[in-house]
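Engineer: This structure is in structure tokens; I'll ask about it shortly.
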Amino acid sequence: MNRFATTAIALSLIFLVSCMVGALKQAEIDPWLATISGGESPEINIAGKWRDAKGNSWLGWGEGYLRQDQGKINGAIGNYNIKGVVAGKYAYLVFLYGGDVYYTLRLEMIEDGLLVGNYFEANDKTQKNGYPTSFERMEITSSKTL
């Protein structure tokens with residue numbers, strides 16, 4: 001292997017390890033969700049089938065289903081398993097793949113069937129440097145128990 005290839009591999013490994021340091025771990029999800037959401041009671045129901053509002057399944061999140069029990073959220077969207085909470089009019093979600101946290105999301109229901117907000121890298125535990133995203137409901141579900 002030439003010197004350039006060895007250097008490129010070494011730098012890639014350093015970058016990969018540095019991205020994982022400080023990232024939210026699966027064992028930290030529940031305490032993190034309780035802290036970031038402030039423990040507020042849910043005012044919205046996000047149970048149902050959702051898809052990326054941009055409608056681009058190739059580059060977007062895809063579609064999936066969320067279940068809500070009181071303020072707790074579970075489900076899957078695209079290739080990600082979802083765990084989260086609803087607090088007030090906000091949903092705080094964690095996107096997992098293969099047991100690892102990849103992203104967190106903070107979304108607000110701005111109208112029935114439309115969630116708008118930001119997604120964050122797993123190492124941004126304070127949700128400061130987000131990227132815009134949105135989801136639209138594919139079917140309307142009844143507002144049972146919040």
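By order of appearance in the structure tokens: chains A, B, ..., then residues from 1 within every chain, and ligands from 1 in the order shown.
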Within 12 Å of A:Asn129, counting only C-alpha atoms, which residues qualify if same-chain residues fewer than 2 places away don't, as a ChimeraX atom specification?

Structural biologist: /A:103-106,117-127,131-132

Engineer: Write out, as a PDB file, in the first residue's frame, the residues just selected, with N, CA and C atoms.

Structural biologist:
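Okay, this is what ended up in again_22.pdb:
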ATOM      1  N   TYR A 103     -29.666   9.935  14.552  1.00  0.00           N
ATOM      2  CA  TYR A 103     -30.167  11.306  14.561  1.00  0.00           C
ATOM      3  C   TYR A 103     -31.150  11.488  15.708  1.00  0.00           C
ATOM      4  N   THR A 104     -31.329  12.751  16.116  1.00  0.00           N
ATOM      5  CA  THR A 104     -32.443  13.131  16.973  1.00  0.00           C
ATOM      6  C   THR A 104     -33.225  14.199  16.220  1.00  0.00           C
ATOM      7  N   LEU A 105     -34.511  14.302  16.523  1.00  0.00           N
ATOM      8  CA  LEU A 105     -35.358  15.285  15.868  1.00  0.00           C
ATOM      9  C   LEU A 105     -36.182  16.024  16.898  1.00  0.00           C
ATOM     10  N   ARG A 106     -36.432  17.289  16.622  1.00  0.00           N
ATOM     11  CA  ARG A 106     -37.368  18.104  17.400  1.00  0.00           C
ATOM     12  C   ARG A 106     -38.360  18.652  16.393  1.00  0.00           C
ATOM     13  N   GLY A 117     -39.690  20.877  11.761  1.00  0.00           N
ATOM     14  CA  GLY A 117     -38.643  21.138  12.745  1.00  0.00           C
ATOM     15  C   GLY A 117     -37.264  20.880  12.195  1.00  0.00           C
ATOM     16  N   ASN A 118     -36.413  20.280  13.038  1.00  0.00           N
ATOM     17  CA  ASN A 118     -35.020  20.047  12.675  1.00  0.00           C
ATOM     18  C   ASN A 118     -34.583  18.650  13.092  1.00  0.00           C
ATOM     19  N   TYR A 119     -33.577  18.147  12.372  1.00  0.00           N
ATOM     20  CA  TYR A 119     -32.907  16.926  12.806  1.00  0.00           C
ATOM     21  C   TYR A 119     -31.472  17.278  13.144  1.00  0.00           C
ATOM     22  N   PHE A 120     -30.878  16.465  14.024  1.00  0.00           N
ATOM     23  CA  PHE A 120     -29.558  16.749  14.579  1.00  0.00           C
ATOM     24  C   PHE A 120     -28.716  15.483  14.558  1.00  0.00           C
ATOM     25  N   GLU A 121     -27.419  15.650  14.418  1.00  0.00           N
ATOM     26  CA  GLU A 121     -26.497  14.514  14.500  1.00  0.00           C
ATOM     27  C   GLU A 121     -26.545  13.941  15.913  1.00  0.00           C
ATOM     28  N   ALA A 122     -26.201  12.681  16.067  1.00  0.00           N
ATOM     29  CA  ALA A 122     -26.279  11.999  17.370  1.00  0.00           C
ATOM     30  C   ALA A 122     -25.378  12.637  18.420  1.00  0.00           C
ATOM     31  N   ASN A 123     -24.317  13.308  18.001  1.00  0.00           N
ATOM     32  CA  ASN A 123     -23.420  13.926  18.980  1.00  0.00           C
ATOM     33  C   ASN A 123     -23.859  15.339  19.387  1.00  0.00           C
ATOM     34  N   ASP A 124     -24.945  15.843  18.821  1.00  0.00           N
ATOM     35  CA  ASP A 124     -25.476  17.165  19.178  1.00  0.00           C
ATOM     36  C   ASP A 124     -26.591  16.974  20.207  1.00  0.00           C
ATOM     37  N   LYS A 125     -26.205  16.626  21.428  1.00  0.00           N
ATOM     38  CA  LYS A 125     -27.175  16.307  22.472  1.00  0.00           C
ATOM     39  C   LYS A 125     -28.004  17.500  22.923  1.00  0.00           C
ATOM     40  N   THR A 126     -27.535  18.715  22.690  1.00  0.00           N
ATOM     41  CA  THR A 126     -28.286  19.910  23.076  1.00  0.00           C
ATOM     42  C   THR A 126     -29.174  20.421  21.944  1.00  0.00           C
ATOM     43  N   GLN A 127     -29.130  19.770  20.808  1.00  0.00           N
ATOM     44  CA  GLN A 127     -29.914  20.123  19.621  1.00  0.00           C
ATOM     45  C   GLN A 127     -29.726  21.597  19.239  1.00  0.00           C
ATOM     46  N   TYR A 131     -30.794  20.713  11.095  1.00  0.00           N
ATOM     47  CA  TYR A 131     -31.084  20.814   9.664  1.00  0.00           C
ATOM     48  C   TYR A 131     -32.592  20.691   9.496  1.00  0.00           C
ATOM     49  N   PRO A 132     -33.210  21.536   8.674  1.00  0.00           N
ATOM     50  CA  PRO A 132     -34.669  21.526   8.544  1.00  0.00           C
ATOM     51  C   PRO A 132     -35.200  20.203   7.984  1.00  0.00           C
TER      52      PRO A 132
END

Engineer: With a distance cut-off of 12 Å and only C-alpha atoms, select the neighbouring residues of A:Glu111, excluding the residue or stretch itself and same-chain residues fewer than 5 positions from it, and output the selection as a list in words.

Structural biologist: Ile44, Asn45, Ile46, Lys89, Tyr90, Val116, Ser134, Phe135, Glu136 and Arg137 of chain A

Engineer: To one decimal in Å, tell me the separation between atom CA of A:Trp61 and atom CA of A:Tyr80.

Structural biologist: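 These atoms are spaced 8.5 Å apart.
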
Engineer: Apply DSSP to the structure's backbone, then extract all residues of stretch 6-142 of chain A labelled strand (DSSP E) and return them as a VMD selection string.

Structural biologist: chain A and resid 48 to 52 63 to 69 72 to 77 80 to 87 90 to 97 100 to 111 114 to 121 131 to 137

Engineer: Closest to A:Leu115 among A:Gly130, A:Ala47, A:Tyr102, A:Glu28, using only C-alpha atoms?

Structural biologist: A:Ala47

Engineer: Given only C-alpha atoms as the basis, pick out the residue of A:Leu59, A:Ala87, A:Ile36, A:Leu96 nearest to A:Gly75.

Structural biologist: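 Closest to A:Gly75 of all the choices is A:Leu96.
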
Engineer: With only C-alpha atoms as the counted atoms, please give the residues lying no more than 12 Å from A:Asn81, apart from itself and same-chain residues fewer than 6 positions off, as a VMD selection string.

Structural biologist: chain A and resid 26 61 63 to 67 73 to 75 93 to 104

Engineer: Find the residue from A:Ala23, A:Ala91, A:Met138, A:Leu33 that sits nearest to A:Ala53; use only C-alpha atoms when measuring.

Structural biologist: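 Residue with the minimum atom-to-atom distance to A:Ala53: A:Met138.
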